[in-house]
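With CSV, C-alpha atoms inside, this is model_18.csv:
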chain,number,residue,atom,x,y,z
R,712,MET,CA,177.5,128.8,102.3
R,713,ASN,CA,180.8,127.2,101.7
R,714,ALA,CA,183.6,129.0,103.6
R,715,ASP,CA,185.6,129.5,100.5
R,716,ASP,CA,182.8,130.9,98.4
R,717,PRO,CA,184.1,133.8,96.3
R,718,LEU,CA,180.9,135.8,97.2
R,719,LEU,CA,181.0,135.2,100.9
R,720,GLU,CA,181.4,138.8,101.8
R,721,GLN,CA,178.3,139.7,99.8
R,722,TRP,CA,176.4,136.9,101.6
R,723,ARG,CA,177.6,138.2,104.9
R,724,SER,CA,176.4,141.7,104.0
R,725,LEU,CA,173.0,140.4,103.1
R,726,HIS,CA,172.9,138.5,106.4
R,727,ASP,CA,173.8,141.7,108.4
R,728,GLN,CA,171.0,143.5,106.6
R,729,GLY,CA,168.5,140.8,107.7
R,730,ALA,CA,167.9,139.6,104.1
R,731,LEU,CA,168.9,136.0,104.9
R,732,ASP,CA,170.0,133.7,107.7
R,733,LEU,CA,173.6,132.8,106.7
R,734,ARG,CA,175.3,129.6,107.8
R,735,VAL,CA,179.0,129.2,106.8
R,736,MET,CA,180.4,125.7,106.6
R,737,ALA,CA,183.8,124.3,105.7
R,738,ASN,CA,182.1,122.0,103.2
R,739,VAL,CA,178.5,122.2,102.0
R,740,GLY,CA,178.5,118.8,100.3
R,741,MET,CA,175.8,116.2,101.0
R,742,GLU,CA,177.8,114.5,103.7
R,743,SER,CA,178.6,117.7,105.6
R,744,SER,CA,175.0,118.9,105.2
R,745,ALA,CA,173.7,115.5,106.5
R,746,GLU,CA,176.0,115.8,109.5
R,747,LEU,CA,174.7,119.4,110.2
R,748,VAL,CA,171.1,118.2,110.1
R,749,TRP,CA,171.9,115.2,112.3
R,750,ASP,CA,173.7,117.4,114.9
R,751,TRP,CA,170.8,119.8,115.0
R,752,ALA,CA,168.1,117.2,115.3
R,753,ASN,CA,170.1,115.1,117.8
R,754,GLY,CA,170.3,118.2,120.0
R,755,LEU,CA,166.5,118.3,120.1
R,756,LEU,CA,165.9,114.7,121.0
R,757,ARG,CA,165.7,113.5,124.5
R,758,GLU,CA,166.3,109.8,124.3
R,759,ASN,CA,168.1,107.4,126.6
R,760,LYS,CA,169.9,104.1,126.2
R,761,HIS,CA,166.7,102.1,126.6
R,762,LYS,CA,164.9,103.8,123.6
R,763,ALA,CA,166.1,103.7,120.1
R,764,ALA,CA,164.7,104.0,116.6
R,765,CYS,CA,166.0,103.8,113.1
R,766,TYR,CA,164.2,104.9,109.9
R,767,GLU,CA,165.5,104.4,106.4
R,768,ALA,CA,163.7,105.2,103.2
R,769,THR,CA,164.4,105.6,99.5
R,770,PRO,CA,162.5,108.4,97.9
R,771,GLU,CA,160.0,107.2,95.3
R,772,TRP,CA,161.5,109.3,92.6
R,773,PHE,CA,164.9,107.8,93.3
R,774,ALA,CA,163.7,104.2,93.4
R,775,GLN,CA,162.0,104.6,90.0
R,776,GLY,CA,165.1,106.0,88.3
R,777,ARG,CA,165.2,108.8,85.8
R,778,PRO,CA,161.9,110.0,84.3
I need this file expressed as structure tokens, please.
Amino acid sequence: MNADDPLLEQWRSLHDQGALDLRVMANVGMESSAELVWDWANGLLRENKHKAACYEATPEWFAQGRP
């Protein structure tokens, strides 16, 4: 949830009741969300400077354009 969401207190109440797992971010845009996922995944990886990989893909639906 964006930190400035006008319903943030309601979201927090639902979190406190166990209805959802709330994460509050300063910005929930695509760039910030990608950074959040990267930081989470990077913490799980156990690589060293001798191992590296890069994966890049364009989703099929995006490559084809609009339906």
With only C-alpha atoms as the atoms that count, which of R:Asn759, R:Asn753, R:Asn713, R:Gln721 lies nearest to Ala737 in chain R?
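Once distances to Ala737 in chain R are computed over only C-alpha atoms, the minimum belongs to R:Asn713.
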Report the distance between CA of Val739 in chain R and CA of Ala752 in chain R in Å, rounded to one decimal place.
17.6 Å
Point-to-point distance from CA of Asn738 in chain R to CA of Met712 in chain R, Å rounded to tenths:
8.3 Å
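Coordinates place CA of Gly740 in chain R at a distance of 19.3 Å from CA of Thr769 in chain R.
By chain and then residue number, the residues within 12 Å of Leu733 in chain R are R:Met712, R:Asn713, R:Ala714, R:Leu719, R:Glu720, R:Gln721, R:Trp722, R:Arg723, R:Ser724, R:Leu725, R:His726, R:Asp727, R:Gln728, R:Gly729, counting only C-alpha atoms and disregarding those fewer than 4 positions away in sequence.
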Export of prior selection with C-alpha atoms as a PDB file, keeping the file's coordinate frame:
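Final file, out-v9.pdb:
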ATOM      1  CA  MET R 712     177.500 128.800 102.300  1.00  0.00           C
ATOM      2  CA  ASN R 713     180.800 127.200 101.700  1.00  0.00           C
ATOM      3  CA  ALA R 714     183.600 129.000 103.600  1.00  0.00           C
ATOM      4  CA  LEU R 719     181.000 135.200 100.900  1.00  0.00           C
ATOM      5  CA  GLU R 720     181.400 138.800 101.800  1.00  0.00           C
ATOM      6  CA  GLN R 721     178.300 139.700  99.800  1.00  0.00           C
ATOM      7  CA  TRP R 722     176.400 136.900 101.600  1.00  0.00           C
ATOM      8  CA  ARG R 723     177.600 138.200 104.900  1.00  0.00           C
ATOM      9  CA  SER R 724     176.400 141.700 104.000  1.00  0.00           C
ATOM     10  CA  LEU R 725     173.000 140.400 103.100  1.00  0.00           C
ATOM     11  CA  HIS R 726     172.900 138.500 106.400  1.00  0.00           C
ATOM     12  CA  ASP R 727     173.800 141.700 108.400  1.00  0.00           C
ATOM     13  CA  GLN R 728     171.000 143.500 106.600  1.00  0.00           C
ATOM     14  CA  GLY R 729     168.500 140.800 107.700  1.00  0.00           C
TER      15      GLY R 729
END
Could you check the closest approach to Val735 in chain R for each of R:His761, R:Val748, R:Asp716, R:Ala774 and tell me which residue wins, using all atoms listed in the file?
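Ranking R:His761, R:Val748, R:Asp716, R:Ala774 by distance to Val735 in chain R, first place goes to R:Asp716.
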Kindly complete range 719-731 of chain R to N, CA, C and O atoms; the output should be written as a PDB file, keeping the file's coordinate frame.
ATOM      1  N   LEU R 719     181.352 135.268  99.487  1.00  0.00           N
ATOM      2  CA  LEU R 719     181.000 135.200 100.900  1.00  0.00           C
ATOM      3  C   LEU R 719     180.785 136.536 101.555  1.00  0.00           C
ATOM      4  O   LEU R 719     179.864 136.693 102.354  1.00  0.00           O
ATOM      5  N   GLU R 720     181.583 137.510 101.222  1.00  0.00           N
ATOM      6  CA  GLU R 720     181.400 138.800 101.800  1.00  0.00           C
ATOM      7  C   GLU R 720     180.059 139.451 101.442  1.00  0.00           C
ATOM      8  O   GLU R 720     179.407 140.103 102.264  1.00  0.00           O
ATOM      9  N   GLN R 721     179.608 139.227 100.225  1.00  0.00           N
ATOM     10  CA  GLN R 721     178.300 139.700  99.800  1.00  0.00           C
ATOM     11  C   GLN R 721     177.195 138.983 100.591  1.00  0.00           C
ATOM     12  O   GLN R 721     176.208 139.597 101.012  1.00  0.00           O
ATOM     13  N   TRP R 722     177.334 137.669 100.779  1.00  0.00           N
ATOM     14  CA  TRP R 722     176.400 136.900 101.600  1.00  0.00           C
ATOM     15  C   TRP R 722     176.333 137.417 102.996  1.00  0.00           C
ATOM     16  O   TRP R 722     175.261 137.553 103.585  1.00  0.00           O
ATOM     17  N   ARG R 723     177.507 137.710 103.562  1.00  0.00           N
ATOM     18  CA  ARG R 723     177.600 138.200 104.900  1.00  0.00           C
ATOM     19  C   ARG R 723     176.890 139.595 105.035  1.00  0.00           C
ATOM     20  O   ARG R 723     176.218 139.895 106.020  1.00  0.00           O
ATOM     21  N   SER R 724     177.067 140.417 104.021  1.00  0.00           N
ATOM     22  CA  SER R 724     176.400 141.700 104.000  1.00  0.00           C
ATOM     23  C   SER R 724     174.898 141.568 103.996  1.00  0.00           C
ATOM     24  O   SER R 724     174.191 142.261 104.732  1.00  0.00           O
ATOM     25  N   LEU R 725     174.390 140.647 103.178  1.00  0.00           N
ATOM     26  CA  LEU R 725     173.000 140.400 103.100  1.00  0.00           C
ATOM     27  C   LEU R 725     172.461 139.849 104.492  1.00  0.00           C
ATOM     28  O   LEU R 725     171.380 140.215 104.958  1.00  0.00           O
ATOM     29  N   HIS R 726     173.254 139.006 105.113  1.00  0.00           N
ATOM     30  CA  HIS R 726     172.900 138.500 106.400  1.00  0.00           C
ATOM     31  C   HIS R 726     172.823 139.635 107.451  1.00  0.00           C
ATOM     32  O   HIS R 726     171.869 139.716 108.230  1.00  0.00           O
ATOM     33  N   ASP R 727     173.816 140.516 107.423  1.00  0.00           N
ATOM     34  CA  ASP R 727     173.800 141.700 108.400  1.00  0.00           C
ATOM     35  C   ASP R 727     172.657 142.589 108.148  1.00  0.00           C
ATOM     36  O   ASP R 727     172.199 143.235 109.093  1.00  0.00           O
ATOM     37  N   GLN R 728     172.128 142.621 106.927  1.00  0.00           N
ATOM     38  CA  GLN R 728     171.000 143.500 106.600  1.00  0.00           C
ATOM     39  C   GLN R 728     169.647 142.761 106.929  1.00  0.00           C
ATOM     40  O   GLN R 728     168.583 143.350 106.766  1.00  0.00           O
ATOM     41  N   GLY R 729     169.728 141.498 107.362  1.00  0.00           N
ATOM     42  CA  GLY R 729     168.500 140.800 107.700  1.00  0.00           C
ATOM     43  C   GLY R 729     167.838 140.120 106.492  1.00  0.00           C
ATOM     44  O   GLY R 729     166.710 139.637 106.608  1.00  0.00           O
ATOM     45  N   ALA R 730     168.510 140.103 105.357  1.00  0.00           N
ATOM     46  CA  ALA R 730     167.900 139.600 104.100  1.00  0.00           C
ATOM     47  C   ALA R 730     167.950 138.030 104.102  1.00  0.00           C
ATOM     48  O   ALA R 730     167.173 137.413 103.388  1.00  0.00           O
ATOM     49  N   LEU R 731     168.858 137.431 104.853  1.00  0.00           N
ATOM     50  CA  LEU R 731     168.900 136.000 104.900  1.00  0.00           C
ATOM     51  C   LEU R 731     169.604 135.551 106.206  1.00  0.00           C
ATOM     52  O   LEU R 731     170.197 136.350 106.906  1.00  0.00           O
TER      53      LEU R 731
END
